[in-house]
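Right, one structure below, let's go through it.
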Amino acid sequence: MAGMPWAVDLYAYRANRAAPIYLAYRGQIAEPELDRRADIRQNGRQHHCMLSPIFILGPTGCGKSGVAVALAQLLGHAEIISADAYQVYRAMPLLTAAPSAAEQGGVPHHLIGHLEVQENNDAATHARNAQACIEAAQARGNRPIITGGSGLYVRFISHGISPAPPSDPALRAKLMALPAEECVRRLQEADPEGAAATNLQNPRYVVRNLEIVLLGGKPLSYWRNNWQPQACGPGFTLCRNVAELDARIAARARSMLQNGAIEEVAALPAELSPTAEKTLGLLQVRQHLRGELPRRELEQMLALCTRQYAKRQRTWLRRERWAQELAPAATDTATQIATRIASMLKIQN
């Protein structure tokens, strides 16, 4: 949006005409839809309550993207909105396992491949974009399906954005320059309860939580509990057997490399945004490109870091008790799983 300061203000009006204008600017809504949405809006509010978002959740590699597509095809009038932190980047579809055009099955998808790797993304920004997409889909008479496994990104969409203070780059830089032990000490001193609930082995979590406490002047518990009491729609979490999930992750790592993930990373610009730099597997592929990691070990390391990430996702998702857990059999197809979800939705409605 460089050179377009007016574009930032569109978020302030997303409940009105500006939301579809912004999405049209991003290439997510064709211009004729703008007039159509205006026609629908008159009686759209009553219709929206019947089109609450459906959340398809699960750790990476569990098959949630395929299930979301199958469910959208079963429902007939649905659109998919990604809640993935990294699939937003256009230049990294392989490394982020973004669904290809064929895998999208003709279903409209949003918030996938719409950012350059130099653009930053965070849970609050993503949630605002997702909300605009949700409202636009509802206005077209379609059911929004939210799919992803990035815990905070999902939570911001399902329960509203927590008003935690935004990141302060200057303060973040100062804290990052401190030894990790010093940041832990300061967090424990400023907010003992919050520190006890923080993964102190992860410097990024420690720094961000300390930043929130210092900027907001309140303990972490205040911000963490300041959500809407109920989710904005029903949710389903795919829970596969750990051994089965590990095998799926290993197959994905192999496929990524066979299909060109190394070349994809080699073509990236030198400077990436802070969010893009955290993309899973980016560090390992760069090590390979520098000659520090053999090809065989690269595949193993990609699978390992993905398994570790999936474990953290499972821990987070277990706390999302509003979403119903589904344990599909290894032989279940995406359509079979989606059919179960559709049946459960009928019972709920």
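Going through the structure tokens in order, the chains are called A, B, and so on, while each chain numbers its residues from 1 and the ligands are numbered from 1 in the order shown.
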For this session: For region 151-166 of chain A, please output as a ChimeraX atom specification all residues within 8 Å (counting only C-alpha atoms; exclusion window: fewer than 5 positions along the same chain).
Result: /A:83-85,122-124,126-127,130-131,212,215-216,223-224,226-233,313,316-317
Problem set entry | Residue contacts of region 188-195 of chain A (10 Å, only C-alpha atoms) excluding same-chain residues fewer than 4 positions away, as a list in words | Glu182, Cys183, Val184, Asn199, Leu200, Val206, Asn209, Leu210, Val213, Leu214, Gly217, Lys218, Pro219, Leu220, Ser221, Tyr222 and Arg224 of chain A
Exercise. With distances taken over only C-alpha atoms, which of A:Ala197, A:Leu74, A:Met256, A:Met344 is nearest to Ala98 (chain A)?
Worked result: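 Looking at the shortest contact to Ala98 (chain A), the residue is A:Met256.
Residues within 8 Å of region 260-267 of chain A, counting only C-alpha atoms and excluding same-chain residues fewer than 5 positions away, are Ala91, Met92, Leu94, Leu95, Leu282, Val285, Arg286 and Leu289 of chain A.
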Near Thr147 (chain A), within 7 Å and counting only C-alpha atoms, which residues show up once chain neighbours fewer than 6 positions away are dropped, as a PDB file with N, CA, C and O atoms, in the first residue's frame?
```
ATOM      1  N   PHE A  55     -15.499 -23.162  11.745  1.00  0.00           N
ATOM      2  CA  PHE A  55     -14.053 -23.255  11.938  1.00  0.00           C
ATOM      3  C   PHE A  55     -13.600 -24.708  11.806  1.00  0.00           C
ATOM      4  O   PHE A  55     -14.102 -25.588  12.511  1.00  0.00           O
ATOM      5  N   ILE A  56     -12.669 -24.959  10.892  1.00  0.00           N
ATOM      6  CA  ILE A  56     -12.045 -26.274  10.730  1.00  0.00           C
ATOM      7  C   ILE A  56     -10.595 -26.125  11.188  1.00  0.00           C
ATOM      8  O   ILE A  56      -9.788 -25.482  10.507  1.00  0.00           O
ATOM      9  N   LEU A  57     -10.274 -26.708  12.328  1.00  0.00           N
ATOM     10  CA  LEU A  57      -8.989 -26.497  12.968  1.00  0.00           C
ATOM     11  C   LEU A  57      -8.185 -27.792  13.034  1.00  0.00           C
ATOM     12  O   LEU A  57      -8.715 -28.877  12.816  1.00  0.00           O
ATOM     13  N   LYS A  64      -6.726 -30.545   7.215  1.00  0.00           N
ATOM     14  CA  LYS A  64      -7.871 -29.640   7.402  1.00  0.00           C
ATOM     15  C   LYS A  64      -8.216 -28.842   6.152  1.00  0.00           C
ATOM     16  O   LYS A  64      -9.392 -28.549   5.913  1.00  0.00           O
ATOM     17  N   SER A  65      -7.216 -28.512   5.335  1.00  0.00           N
ATOM     18  CA  SER A  65      -7.507 -27.745   4.115  1.00  0.00           C
ATOM     19  C   SER A  65      -8.400 -28.547   3.171  1.00  0.00           C
ATOM     20  O   SER A  65      -9.370 -28.024   2.606  1.00  0.00           O
ATOM     21  N   ALA A  68     -11.906 -28.709   4.574  1.00  0.00           N
ATOM     22  CA  ALA A  68     -12.614 -27.444   4.397  1.00  0.00           C
ATOM     23  C   ALA A  68     -13.162 -27.330   2.968  1.00  0.00           C
ATOM     24  O   ALA A  68     -14.303 -26.895   2.765  1.00  0.00           O
ATOM     25  N   ILE A  81     -11.657 -19.039   4.262  1.00  0.00           N
ATOM     26  CA  ILE A  81     -10.788 -17.949   4.713  1.00  0.00           C
ATOM     27  C   ILE A  81      -9.689 -18.557   5.569  1.00  0.00           C
ATOM     28  O   ILE A  81      -9.961 -19.239   6.552  1.00  0.00           O
ATOM     29  N   SER A  82      -8.461 -18.329   5.188  1.00  0.00           N
ATOM     30  CA  SER A  82      -7.337 -18.944   5.883  1.00  0.00           C
ATOM     31  C   SER A  82      -7.025 -18.212   7.188  1.00  0.00           C
ATOM     32  O   SER A  82      -7.031 -16.981   7.251  1.00  0.00           O
ATOM     33  N   ALA A  83      -6.730 -18.996   8.225  1.00  0.00           N
ATOM     34  CA  ALA A  83      -6.256 -18.450   9.499  1.00  0.00           C
ATOM     35  C   ALA A  83      -4.821 -18.901   9.732  1.00  0.00           C
ATOM     36  O   ALA A  83      -4.388 -19.086  10.869  1.00  0.00           O
TER      37      ALA A  83
END
```
Exercise. Taking into account only C-alpha atoms, which residue in the set A:Leu245, A:Leu187, A:Leu304, A:Ala323 is nearest to Pro59 (chain A)?
Worked result: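 Among the listed residues, the smallest separation from Pro59 (chain A) belongs to A:Leu245.
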Exercise. So which residues touch Asp246 (chain A) within 12 Å, counting only C-alpha atoms, skipping near sequence neighbours fewer than 2 positions away, as a ChimeraX atom specification?
Worked result: /A:59-62,240-244,248-253,300,302-311
For this session: Find the residues around Arg314 (chain A) up to 9 Å (only C-alpha atoms counted), leave out those fewer than 6 positions away in its own chain, and share them as a ChimeraX atom specification.
Result: /A:58-59,149,239
File of the preceding selection, all heavy atoms, as a PDB file, in the first residue's frame:
```pdb
ATOM      1  N   GLY A  58      -6.923 -27.654  13.372  1.00  0.00           N
ATOM      2  CA  GLY A  58      -6.080 -28.832  13.532  1.00  0.00           C
ATOM      3  C   GLY A  58      -4.622 -28.486  13.332  1.00  0.00           C
ATOM      4  O   GLY A  58      -4.290 -27.442  12.742  1.00  0.00           O
ATOM      5  N   PRO A  59      -3.731 -29.342  13.796  1.00  0.00           N
ATOM      6  CA  PRO A  59      -2.295 -29.099  13.604  1.00  0.00           C
ATOM      7  C   PRO A  59      -1.895 -29.248  12.146  1.00  0.00           C
ATOM      8  O   PRO A  59      -2.619 -29.836  11.340  1.00  0.00           O
ATOM      9  CB  PRO A  59      -1.639 -30.182  14.477  1.00  0.00           C
ATOM     10  CG  PRO A  59      -2.654 -31.279  14.522  1.00  0.00           C
ATOM     11  CD  PRO A  59      -3.988 -30.596  14.527  1.00  0.00           C
ATOM     12  N   GLY A 149      -4.364 -23.474  11.743  1.00  0.00           N
ATOM     13  CA  GLY A 149      -3.872 -24.051  12.987  1.00  0.00           C
ATOM     14  C   GLY A 149      -3.019 -23.085  13.784  1.00  0.00           C
ATOM     15  O   GLY A 149      -2.454 -23.462  14.810  1.00  0.00           O
ATOM     16  N   CYS A 239      -8.273 -34.336  15.116  1.00  0.00           N
ATOM     17  CA  CYS A 239      -7.286 -34.912  16.039  1.00  0.00           C
ATOM     18  C   CYS A 239      -6.857 -36.283  15.518  1.00  0.00           C
ATOM     19  O   CYS A 239      -7.544 -37.285  15.755  1.00  0.00           O
ATOM     20  CB  CYS A 239      -7.879 -35.035  17.448  1.00  0.00           C
ATOM     21  SG  CYS A 239      -8.489 -33.488  18.128  1.00  0.00           S
TER      22      CYS A 239
END
```
Exercise. Tell me, which residues of region 98-305 of chain A carry DSSP helix (DSSP H, G or I), written as a PyMOL selection string?
Worked result: chain A and resi 123-139+151-159+169-177+180-190+192-196+203-216+220-224+242-258+261-266+274-277+282-289+295-305
For this session: Considering only C-alpha atoms, state which residue in the set A:Leu326, A:Leu115, A:Leu283, A:Met176 is at the smallest distance from Gln87 (chain A).
Result: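 Comparing A:Leu326, A:Leu115, A:Leu283, A:Met176 against Gln87 (chain A), the winner is A:Leu115.
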Exercise. Can you tell me how far CA of Arg295 (chain A) sits from CA of Ser255 (chain A), in Å to one decimal?
Worked result: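 These two atoms are separated by 13.2 Å.
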For this session: Could you tell me, as a PyMOL selection string, which residues of region 34-240 of chain A DSSP assigns to strand (DSSP E or B) when given the backbone?
Result: chain A and resi 54-57+78-82+89+109-110+115+143-148+235-238
Exercise. Of the candidates A:Thr279, A:Asn120, A:Gln73, A:Gln138, which one gets nearest to Ser52 (chain A) if we count only C-alpha atoms?
Worked result: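 Of the candidates, the smallest distance to Ser52 (chain A) is held by A:Gln138.
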